[in-house]
Amino acid sequence: MDPQSLRKGPTKPTLVLLCCVGTWLAICCPSFGAPTASMIKTIVELLKLESKELYEDYLKKDAVGVPTDESLQLPCFTLGFEASTNISIIQAYLETAKRLSDNRADTANVTKRLDDIRCSNPPKPSIYEPEDFYARKIFTLTVLKRFSDCMAELKVKDRIC
Amino acid sequence: MAFSAVLHPAFLLVVLPLKASLSEVLGEPFQLIPEILTVSIQSKLQQVNLQWTVPNLTHQELKMGFQIEISRMNASNIIWVEDYSTTVKRNQVLHWNWKSEIPLECVTHFIRIRAMVDDANYPPQNSWSNWSSWKEVSVQVSVAPNTLLIFPKSKLLEEGSNVTICLLYGQYLYNVSCMLQKEPIHGEQLDSHVSLIKLNNVVFHSHSGTNIYCQAMNATKTPFGTVLFVSKVLEEPKNFSCETQDFKTLKCSWEPGVDTALTWSQQDSQNYTLYESFSGRSELSDHRNSHNWKITEESQETYNFTLTTENNLRKRSVNIIFNLTHRVHLKAPHDVTLETVDAKKANMTWKMHSRGDNYILLCQVELQHETEVIHECNVSVHMSASYLFSDLEPDTEYKARVRCADANHFWKWSDWAQKAFSTPEAAPSQALDVWRQVRSENGSHVVTLFWKPLLKSQANGKIVSYNIVVENQDRPSEAEHYSVQAPALGTQLSLDMCSYKIHITANNSMGVSPESVMALSNDSGHASYRVNKVEAISHLKPRLTLMSLLTELQKNPGIVNPQSPAMKRYTCGQKANGVDMLRSHTLQQCYPSVLAAKEEVHEKRIKGTKDGFHISWEPLSGDALGYVVDWCAHSRDQHCDLKWKNLGPNTTSTNITSDAFKPGVRYNFRIFEKSVQQNAQLLEKQTGYTQELAPLENPKVIINNFTSNSFILSWPGYDSDFQSAFIEGYRVYLKSKEMQCHPKGKRTSLSDNSVLCEYEIKDPEQKSFTVENLQPESLYEFLVTPYTSAGQGPNETFTKVTTPDENSHMLLKIILPMTLCVLLIVIACYWKSQWVKEKCYPDIPNPYKSSILSLIKSKKNPHLIMNVKDCIPDVLEVINKVEGPKTQCIVSGKPHNEDVSIKPPSSVPTEDGSSGPVPFMFFENFTYDQSAFDSGSHGLNPGPLKDTPGQLGLLTPPDKLLNVLEKDYMKSLAESPTEETSLIYVSQLASPMCGDKDSLVTNSPKPVHCSGYKRQMAVPGRLPSLALSESNSLTSMILLGQGEQ
């Protein structure tokens, strides 16, 4: 091998610079296109209203006399670093509830709003889907109630994560 | 028990072959005993399927009857027995189903079967075969401890049906309760771990099903529940029909009814299938309420359609059969045109989609104006048609539309095809409704013309202007033309007092309206008079002068029509008045051939109602052309929104209604009679309110003649004609502490329980009231309020007055004359004193102030005036002449305060030694003292006497002088106000004759040789050592300075 050709690679300062730029990009890229504080505030307020409406509407329309399942542990989220993970889990539950309710609980809109305030896109977990229709109702009602309670307790911050 | 269960099959196995062999031996008929092959269960349907066969069947086919028994829980508990007949083939497996009310998971069932030959071709089997063995039917379900199972799961059923819910309890579970959509439901215990809940007539709650929720004590898993999918009942399609527009497609439609779809695909929406029996075609509709069926065979005229709708639970059908030509729904007409022929006619044309000219169509034509159908007719046409609209209104927008149908087999009208159009304008067809208001002003008539706008149907277009032609009846050739631009509805003309005819027309772009004519006579301005034309005077000469008419009337009153109301009065002794009326009329100028009389028309009060007024009148003459009632609101301002109503000749009453009538507003009505000459004559005046209200304001009261016992209240400015009702009178309320009402009044109380006196004035024209019998120095409060039929005026604050003191009034009456008297007396006394003074002791002129002195001074000749030096002072005596009245006059007369002091008489030494008392006069002439001293040029030194010894030295003898001072005069000096004066000049003059002023004045300028003077002396102003006690003996001496006076 020609020793001259070995010298044609990046020099040491260049490598350092590249590393710094890479780190900087890794840190800052997620903030590009992130929602502004006012947008977050608006979206969260809308989520509070819509999640409550979803729950109450489903309870009144399809789940009269149906209890919630206390064993179903739907995570809530607080605005912070762990928010994106929890939002993904919630979205998975909401999508499952929509499917299990045969679209009677249309959670597409709130799922989209959660997308808008999410910083990253972690993988969604797989959710157990009950077969029995009665169990499906319990599942859907429980997910909607937990999500509504979660949003009601959420305090708005300038940043999600 | 277990032992018997084991022995029972063994016993049967032994006994049955024996029985069969015995029957053969004994010749009994052979029994065909069915053999159960399988018993299966469909849990979701709660259905038991039974399969069996008939072994040993020797015939190819045999008609047999079967009896099947089902028992529940144990074989002896038979719950179902059913007979089933069929033709059985050899080795055929037979099927039978049974649906259980109870979910099969909950309870074990048993089933058995027996058979009997029922075939006519074979000897009948007289009795049933033996039963097959019991087959147990059950679904193996294991219930874990502390759990609960609910069956059926996700059952689909129709609204209104019944269902049984079964609960399977696990071990240790107790106290189970269930709810249906939050409503508790109760069941019956079947055994220790099974209970049944029967639900009858279930209702639809949601497309996602009805929720049943159970909970139990000691349960490890909660909750327990199931969903019942209750479907709505499938409805039969309604109003199913088919029709064609083009004979290519049949459009079938129906009303589908409710959607019976359920979630989770438990049941889809019902589908709709069309089946045509003649063609045998069947098509599934893509829509819930319609389907297009293609006509494939043109020759087919009749169609038989069956519409079937179906869901998971039910199927329903409807059927129609029809001839295609009877179901033709034409397309809407096309190429619609409208052409206006003239202002009142328009022609409409249209075309139709039709299969040819042989087909007759029925078309319906409509004409609309402002969404209202004003014309409608049916016409029979072929492919194209036309229709003429007549009697249209000019300048009007219309909408014409047409629709058609098959005339031979009417099925449905086509859709409308419409077109809007407008007719052109035409000349106005109606004369204006005109009226006038006339008032006399400065010897002329101010005529305000009004007209109502023409209706749209009368105007026939947009009115551009109004033409007015004023024609003088005396000079017809001199007509004046005016034009008023629309939309004005009136104008004002100023005309002289002659008669006029006014022609008014309305113009639009196409022409003018018929004219409206009004005649104005010379008396039209006298609104408050009614002119009664005197009839039957045709024998009078046509051009008589007024005076000759009057003369004629006086000579022959019978020439007038006695039936005329005015003339009736005239002939009843009011000849003079009638003549006077005639005299005031300008008959001579304009109606020389008509004799007329004016009668004042009094205003009559009428009572209106909420809806308006009923006006009635008495006709004046029998040949009236009609009547006009005009009215306007009675208001303070001159503006009058005049309204009027034309009425026919035979009318004597009318109802006047208007939305503008308001309660509490007075309306004045006038009734005019229109003559053939278009002249309008005032018949009556009426006034009234639709509703009288209580007065809104009280009069402003003025207090007059205010005394201690009475005062007068007056309110002249209160205009009772402009109130909210006819004022019927006034009430005067008077409050006082005494509460003693005048006999004319009455005691009353107000709403605040205050008691007061009320005086009522029943004459609305009386606008003053005297409050009498009052107490002096008392407070009174009063309120004057009008009253009407609707009540009295507002309760306002009372005005307070306090009556004055009676004595002060009396005192004024006494003191004033007394003061005047005293003043007169004083003036008289002063005048008298002046007179006395002038007569008795006039002022002694001061020579130094004399003008003569100044004249002499100017000539520098001081010797012209007598100097004291030139006259040696001496004692002057006046011999008292006994002239009583004159002396008495002097003594009794009041001396002049400033100039003279009268000394009492004393004994004065005289030259002749007589010392007896001699009356004399002693004058102190102060004119000579201070004033003289002020004038320094006259030698009197104002210094004290002691400072001027030289002066005192002149006095001879000095002791004598002191005596005089001490004894005679010092007292008077001491009393003198001029104490400060150093030297007092005393002059004594004896008047020879009291009151002889002239002689004194005459002699005074002359330097008489001292004989006219009394003793004079000058004394010092301050002589403190002098005693004044001896002043009674006054010596008449004058002390003078050396060389001075």
# chains A, B, ... in the order shown; residues from 1 in each chain; ligands from 1
call {"tool": "interface_residues", "arguments": {"of": "chain B", "to": "chain A", "cutoff": "8 Å", "atoms": "only C-alpha atoms", "output": "ChimeraX atom specification"}}
result
/B:154,179-182,206-209,211-213,223,225-227,263-264
call {"tool": "residues_around", "arguments": {"residues": "Tyr627 of chain B", "least_positions_apart": "6", "cutoff": "8 Å", "atoms": "only C-alpha atoms", "output": "list in words"}}
result
Asn646, Leu647, Gly648, Pro649, Thr651, Ile671, Phe672, Glu673 and Lys674 of chain B
call {"tool": "write_last_selection", "arguments": {"atoms": "N, CA, C and O atoms", "output": "PDB file, in the first residue's frame"}}
result
ATOM      1  N   ASN B 646    -113.675  58.306   0.535  1.00  0.00           N
ATOM      2  CA  ASN B 646    -114.769  58.632  -0.372  1.00  0.00           C
ATOM      3  C   ASN B 646    -115.911  57.655  -0.151  1.00  0.00           C
ATOM      4  O   ASN B 646    -115.693  56.447  -0.015  1.00  0.00           O
ATOM      5  N   LEU B 647    -117.109  58.179  -0.156  1.00  0.00           N
ATOM      6  CA  LEU B 647    -118.269  57.341   0.086  1.00  0.00           C
ATOM      7  C   LEU B 647    -119.341  57.638  -0.961  1.00  0.00           C
ATOM      8  O   LEU B 647    -119.368  58.728  -1.557  1.00  0.00           O
ATOM      9  N   GLY B 648    -120.195  56.692  -1.159  1.00  0.00           N
ATOM     10  CA  GLY B 648    -121.211  56.809  -2.197  1.00  0.00           C
ATOM     11  C   GLY B 648    -122.316  57.777  -1.826  1.00  0.00           C
ATOM     12  O   GLY B 648    -122.399  58.263  -0.694  1.00  0.00           O
ATOM     13  N   PRO B 649    -123.198  58.039  -2.776  1.00  0.00           N
ATOM     14  CA  PRO B 649    -124.224  59.078  -2.557  1.00  0.00           C
ATOM     15  C   PRO B 649    -125.291  58.678  -1.532  1.00  0.00           C
ATOM     16  O   PRO B 649    -125.862  59.547  -0.901  1.00  0.00           O
ATOM     17  N   THR B 651    -124.944  57.053   1.185  1.00  0.00           N
ATOM     18  CA  THR B 651    -124.339  56.679   2.458  1.00  0.00           C
ATOM     19  C   THR B 651    -124.581  57.771   3.493  1.00  0.00           C
ATOM     20  O   THR B 651    -124.490  58.958   3.173  1.00  0.00           O
ATOM     21  N   ILE B 671    -117.138  65.981   7.514  1.00  0.00           N
ATOM     22  CA  ILE B 671    -117.937  65.289   6.506  1.00  0.00           C
ATOM     23  C   ILE B 671    -118.339  66.313   5.465  1.00  0.00           C
ATOM     24  O   ILE B 671    -118.933  67.349   5.797  1.00  0.00           O
ATOM     25  N   PHE B 672    -117.971  66.022   4.247  1.00  0.00           N
ATOM     26  CA  PHE B 672    -118.295  66.906   3.129  1.00  0.00           C
ATOM     27  C   PHE B 672    -119.281  66.199   2.206  1.00  0.00           C
ATOM     28  O   PHE B 672    -119.231  64.975   2.039  1.00  0.00           O
ATOM     29  N   GLU B 673    -120.119  67.008   1.613  1.00  0.00           N
ATOM     30  CA  GLU B 673    -121.026  66.481   0.591  1.00  0.00           C
ATOM     31  C   GLU B 673    -120.529  66.973  -0.763  1.00  0.00           C
ATOM     32  O   GLU B 673    -120.284  68.165  -0.944  1.00  0.00           O
ATOM     33  N   LYS B 674    -120.376  66.047  -1.676  1.00  0.00           N
ATOM     34  CA  LYS B 674    -119.919  66.414  -3.011  1.00  0.00           C
ATOM     35  C   LYS B 674    -121.121  66.634  -3.899  1.00  0.00           C
ATOM     36  O   LYS B 674    -122.001  65.773  -3.989  1.00  0.00           O
TER      37      LYS B 674
END
call {"tool": "select_by_dssp", "arguments": {"residues": "segment 767-840 of chain B", "states": "strand (DSSP E or B)", "output": "PyMOL selection string"}}
result
chain B and resi 768-771+779-788+791-792+799-802
call {"tool": "write_last_selection", "arguments": {"atoms": "all heavy atoms", "output": "short mmCIF file (atom, residue, chain, number, x, y, z; two decimals), in the first residue's frame"}}
result
data_model
loop_
_atom_site.label_atom_id
_atom_site.label_comp_id
_atom_site.auth_asym_id
_atom_site.auth_seq_id
_atom_site.Cartn_x
_atom_site.Cartn_y
_atom_site.Cartn_z
N SER B 768 -110.43 79.13 36.85
CA SER B 768 -110.01 79.83 38.07
C SER B 768 -110.87 79.35 39.22
O SER B 768 -111.99 78.86 39.01
CB SER B 768 -110.14 81.35 37.90
OG SER B 768 -111.49 81.71 37.76
N PHE B 769 -110.34 79.50 40.40
CA PHE B 769 -111.07 79.05 41.58
C PHE B 769 -110.63 79.88 42.77
O PHE B 769 -109.43 80.11 42.97
CB PHE B 769 -110.79 77.57 41.84
CG PHE B 769 -111.49 77.02 43.05
CD1 PHE B 769 -112.84 76.73 43.01
CD2 PHE B 769 -110.80 76.82 44.24
CE1 PHE B 769 -113.48 76.23 44.13
CE2 PHE B 769 -111.43 76.33 45.35
CZ PHE B 769 -112.79 76.03 45.30
N THR B 770 -111.61 80.34 43.51
CA THR B 770 -111.31 81.18 44.67
C THR B 770 -111.33 80.31 45.92
O THR B 770 -112.35 79.67 46.22
CB THR B 770 -112.34 82.31 44.80
OG1 THR B 770 -112.35 83.04 43.58
CG2 THR B 770 -111.96 83.23 45.95
N VAL B 771 -110.23 80.31 46.59
CA VAL B 771 -110.14 79.56 47.86
C VAL B 771 -110.43 80.55 48.98
O VAL B 771 -109.71 81.53 49.15
CB VAL B 771 -108.75 78.94 48.02
CG1 VAL B 771 -108.71 78.08 49.26
CG2 VAL B 771 -108.40 78.11 46.80
N LEU B 779 -100.60 77.59 56.86
CA LEU B 779 -100.01 76.92 55.70
C LEU B 779 -101.10 76.12 54.99
O LEU B 779 -101.82 75.35 55.62
CB LEU B 779 -98.88 75.97 56.14
CG LEU B 779 -98.26 75.15 55.03
CD1 LEU B 779 -97.49 76.04 54.04
CD2 LEU B 779 -97.34 74.09 55.60
N TYR B 780 -101.19 76.32 53.69
CA TYR B 780 -102.13 75.56 52.87
C TYR B 780 -101.38 74.94 51.71
O TYR B 780 -100.40 75.50 51.20
CB TYR B 780 -103.24 76.48 52.34
CG TYR B 780 -104.16 76.98 53.41
CD1 TYR B 780 -103.92 78.17 54.07
CD2 TYR B 780 -105.29 76.24 53.79
CE1 TYR B 780 -104.75 78.62 55.08
CE2 TYR B 780 -106.12 76.68 54.79
CZ TYR B 780 -105.86 77.88 55.44
OH TYR B 780 -106.68 78.30 56.42
N GLU B 781 -101.85 73.77 51.32
CA GLU B 781 -101.29 73.10 50.14
C GLU B 781 -102.42 72.80 49.19
O GLU B 781 -103.49 72.35 49.61
CB GLU B 781 -100.60 71.78 50.53
CG GLU B 781 -99.42 71.97 51.45
CD GLU B 781 -98.83 70.63 51.84
OE1 GLU B 781 -98.53 69.84 50.94
OE2 GLU B 781 -98.69 70.38 53.05
N PHE B 782 -102.18 73.04 47.92
CA PHE B 782 -103.26 72.83 46.94
C PHE B 782 -102.71 72.14 45.70
O PHE B 782 -101.51 72.16 45.41
CB PHE B 782 -103.92 74.16 46.56
CG PHE B 782 -103.04 75.07 45.76
CD1 PHE B 782 -102.94 74.96 44.38
CD2 PHE B 782 -102.27 76.05 46.40
CE1 PHE B 782 -102.14 75.80 43.66
CE2 PHE B 782 -101.46 76.87 45.68
CZ PHE B 782 -101.39 76.76 44.31
N LEU B 783 -103.62 71.50 45.02
CA LEU B 783 -103.30 70.85 43.74
C LEU B 783 -104.52 70.96 42.86
O LEU B 783 -105.64 70.66 43.29
CB LEU B 783 -102.96 69.37 43.95
CG LEU B 783 -102.75 68.55 42.67
CD1 LEU B 783 -101.49 68.99 41.96
CD2 LEU B 783 -102.70 67.07 42.98
N VAL B 784 -104.31 71.42 41.66
CA VAL B 784 -105.39 71.50 40.68
C VAL B 784 -105.12 70.45 39.62
O VAL B 784 -104.05 70.40 39.03
CB VAL B 784 -105.45 72.90 40.05
CG1 VAL B 784 -106.57 72.95 39.02
CG2 VAL B 784 -105.67 73.95 41.11
N THR B 785 -106.09 69.60 39.41
CA THR B 785 -105.90 68.54 38.43
C THR B 785 -107.17 68.39 37.62
O THR B 785 -108.27 68.47 38.15
CB THR B 785 -105.53 67.21 39.12
OG1 THR B 785 -105.32 66.21 38.13
CG2 THR B 785 -106.60 66.72 40.07
N PRO B 786 -107.01 68.20 36.30
CA PRO B 786 -108.20 68.02 35.47
C PRO B 786 -108.69 66.58 35.55
O PRO B 786 -107.95 65.68 35.93
CB PRO B 786 -107.70 68.34 34.07
CG PRO B 786 -106.26 68.02 34.11
CD PRO B 786 -105.79 68.23 35.51
N TYR B 787 -109.92 66.37 35.18
CA TYR B 787 -110.43 65.00 35.13
C TYR B 787 -111.20 64.79 33.84
O TYR B 787 -111.79 65.72 33.29
CB TYR B 787 -111.27 64.65 36.36
CG TYR B 787 -112.57 65.40 36.49
CD1 TYR B 787 -113.75 64.91 35.95
CD2 TYR B 787 -112.63 66.59 37.20
CE1 TYR B 787 -114.94 65.58 36.08
CE2 TYR B 787 -113.82 67.27 37.35
CZ TYR B 787 -114.98 66.77 36.79
OH TYR B 787 -116.15 67.45 36.92
N THR B 788 -111.10 63.57 33.39
CA THR B 788 -111.81 63.16 32.18
C THR B 788 -112.63 61.92 32.51
O THR B 788 -112.67 61.49 33.66
CB THR B 788 -110.80 62.83 31.05
OG1 THR B 788 -110.09 61.66 31.43
CG2 THR B 788 -109.83 63.96 30.83
N GLY B 791 -110.41 59.35 34.09
CA GLY B 791 -109.76 59.59 35.38
C GLY B 791 -109.20 60.99 35.45
O GLY B 791 -109.41 61.81 34.55
N GLN B 792 -108.52 61.25 36.51
CA GLN B 792 -107.99 62.59 36.71
C GLN B 792 -106.50 62.60 36.47
O GLN B 792 -105.88 61.57 36.25
CB GLN B 792 -108.32 63.10 38.10
CG GLN B 792 -107.65 62.34 39.23
CD GLN B 792 -108.02 62.92 40.59
OE1 GLN B 792 -109.07 63.51 40.74
NE2 GLN B 792 -107.16 62.75 41.56
N THR B 799 -98.72 72.39 45.97
CA THR B 799 -98.06 73.68 46.10
C THR B 799 -98.41 74.27 47.46
O THR B 799 -99.58 74.25 47.86
CB THR B 799 -98.53 74.63 44.98
OG1 THR B 799 -98.29 73.98 43.73
CG2 THR B 799 -97.77 75.93 45.02
N LYS B 800 -97.39 74.78 48.14
CA LYS B 800 -97.61 75.29 49.49
C LYS B 800 -97.73 76.81 49.46
O LYS B 800 -96.95 77.49 48.77
CB LYS B 800 -96.45 74.90 50.40
CG LYS B 800 -96.34 73.39 50.59
CD LYS B 800 -95.17 73.03 51.47
CE LYS B 800 -95.10 71.52 51.63
NZ LYS B 800 -93.96 71.09 52.43
N VAL B 801 -98.69 77.31 50.20
CA VAL B 801 -98.84 78.76 50.37
C VAL B 801 -99.14 79.04 51.84
O VAL B 801 -99.75 78.22 52.52
CB VAL B 801 -99.97 79.34 49.49
CG1 VAL B 801 -99.61 79.29 48.03
CG2 VAL B 801 -101.26 78.62 49.73
N THR B 802 -98.67 80.18 52.30
CA THR B 802 -98.96 80.61 53.67
C THR B 802 -99.68 81.95 53.60
O THR B 802 -99.20 82.89 52.96
CB THR B 802 -97.66 80.75 54.47
OG1 THR B 802 -96.97 79.52 54.39
CG2 THR B 802 -97.93 81.09 55.92
#
call {"tool": "residues_around", "arguments": {"residues": "Leu495 of chain B", "least_positions_apart": "6", "cutoff": "7 Å", "atoms": "only C-alpha atoms", "output": "PyMOL selection string"}}
result
chain B and resi 444-446
call {"tool": "write_last_selection", "arguments": {"atoms": "N, CA, C and O atoms", "output": "mmCIF file, in the first residue's frame"}}
result
data_model
loop_
_atom_site.group_PDB
_atom_site.id
_atom_site.type_symbol
_atom_site.label_atom_id
_atom_site.label_comp_id
_atom_site.auth_asym_id
_atom_site.auth_seq_id
_atom_site.Cartn_x
_atom_site.Cartn_y
_atom_site.Cartn_z
ATOM 1 N N SER B 444 -106.761 85.213 0.100
ATOM 2 C CA SER B 444 -106.665 84.211 -0.963
ATOM 3 C C SER B 444 -106.876 82.830 -0.358
ATOM 4 O O SER B 444 -106.871 82.669 0.864
ATOM 5 N N HIS B 445 -107.046 81.881 -1.226
ATOM 6 C CA HIS B 445 -107.225 80.505 -0.801
ATOM 7 C C HIS B 445 -105.909 79.771 -0.941
ATOM 8 O O HIS B 445 -105.332 79.763 -2.022
ATOM 9 N N VAL B 446 -105.457 79.199 0.142
ATOM 10 C CA VAL B 446 -104.302 78.313 0.068
ATOM 11 C C VAL B 446 -104.851 76.894 0.010
ATOM 12 O O VAL B 446 -105.442 76.400 0.974
#
call {"tool": "residues_around", "arguments": {"residues": "Leu74 of chain A", "least_positions_apart": "2", "cutoff": "7 Å", "atoms": "only C-alpha atoms", "output": "VMD selection string"}}
result
chain A and resid 72 76 90 143 146
call {"tool": "write_last_selection", "arguments": {"atoms": "N, CA, C and O atoms", "output": "PDB file, in the first residue's frame"}}
result
ATOM      1  N   LEU A  72     -56.316  -2.989  33.966  1.00  0.00           N
ATOM      2  CA  LEU A  72     -55.690  -2.467  32.747  1.00  0.00           C
ATOM      3  C   LEU A  72     -54.858  -1.241  33.104  1.00  0.00           C
ATOM      4  O   LEU A  72     -55.390  -0.212  33.503  1.00  0.00           O
ATOM      5  N   CYS A  76     -49.984   6.993  31.919  1.00  0.00           N
ATOM      6  CA  CYS A  76     -50.243   8.404  31.657  1.00  0.00           C
ATOM      7  C   CYS A  76     -48.922   9.033  31.246  1.00  0.00           C
ATOM      8  O   CYS A  76     -47.892   8.383  31.241  1.00  0.00           O
ATOM      9  N   ILE A  90     -49.853   5.058  24.702  1.00  0.00           N
ATOM     10  CA  ILE A  90     -51.256   5.525  24.718  1.00  0.00           C
ATOM     11  C   ILE A  90     -51.842   5.452  23.320  1.00  0.00           C
ATOM     12  O   ILE A  90     -52.994   5.025  23.126  1.00  0.00           O
ATOM     13  N   VAL A 143     -59.791   2.280  28.381  1.00  0.00           N
ATOM     14  CA  VAL A 143     -58.760   3.085  27.708  1.00  0.00           C
ATOM     15  C   VAL A 143     -59.205   4.537  27.597  1.00  0.00           C
ATOM     16  O   VAL A 143     -58.457   5.471  27.913  1.00  0.00           O
ATOM     17  N   ARG A 146     -59.146   6.193  31.090  1.00  0.00           N
ATOM     18  CA  ARG A 146     -57.797   6.479  31.581  1.00  0.00           C
ATOM     19  C   ARG A 146     -57.168   7.640  30.824  1.00  0.00           C
ATOM     20  O   ARG A 146     -56.506   8.491  31.402  1.00  0.00           O
TER      21      ARG A 146
END
call {"tool": "residues_around", "arguments": {"residues": "Gln91 of chain A", "least_positions_apart": "5", "cutoff": "10 Å", "atoms": "only C-alpha atoms", "output": "CSV table (one decimal) with C-alpha atoms, in the first residue's frame"}}
result
chain,number,residue,atom,x,y,z
A,85,THR,CA,-42.6,6.7,25.1
A,86,ASN,CA,-45.8,7.0,27.1
A,96,THR,CA,-56.7,-0.8,19.6
A,97,ALA,CA,-59.7,0.7,21.3
A,107,THR,CA,-59.9,7.9,18.4
A,108,ALA,CA,-58.2,8.8,15.2
A,110,VAL,CA,-56.8,12.4,19.4
A,111,THR,CA,-54.2,9.9,18.1
A,112,LYS,CA,-53.2,12.5,15.5
A,113,ARG,CA,-53.0,15.2,18.0
A,114,LEU,CA,-50.7,13.1,20.2
A,115,ASP,CA,-48.6,12.7,17.1
A,124,LYS,CA,-45.5,1.0,19.7
A,125,PRO,CA,-46.1,-2.0,21.9
A,147,PHE,CA,-56.8,8.7,28.7
call {"tool": "residues_around", "arguments": {"residues": "segment 470-486 of chain B", "least_positions_apart": "3", "cutoff": "10 Å", "atoms": "only C-alpha atoms", "output": "VMD selection string"}}
result
chain B and resid 453 462 to 467 489 to 491 493 495 to 496 498 to 508 517 to 521 589 to 591
call {"tool": "atom_distance", "arguments": {"atom1": "atom CA of Val701 of chain B", "atom2": "atom CA of Ser754 of chain B"}}
result
21.8 Å
call {"tool": "residues_around", "arguments": {"residues": "Arg114 of chain B", "least_positions_apart": "3", "cutoff": "7 Å", "atoms": "only C-alpha atoms", "output": "list in words"}}
result
Ile33, Pro34, Phe66, Gln67, Ile68, Trp128, Ser129, Asn130, Trp131 and Ser132 of chain B
call {"tool": "closest_residue", "arguments": {"among": "A:Glu82, A:Glu53, A:Asp116, A:Glu95", "to": "Pro35 of chain A", "atoms": "only C-alpha atoms"}}
result
A:Asp116
call {"tool": "atom_distance", "arguments": {"atom1": "atom CA of Phe322 of chain B", "atom2": "atom CA of His287 of chain B"}}
result
22.4 Å
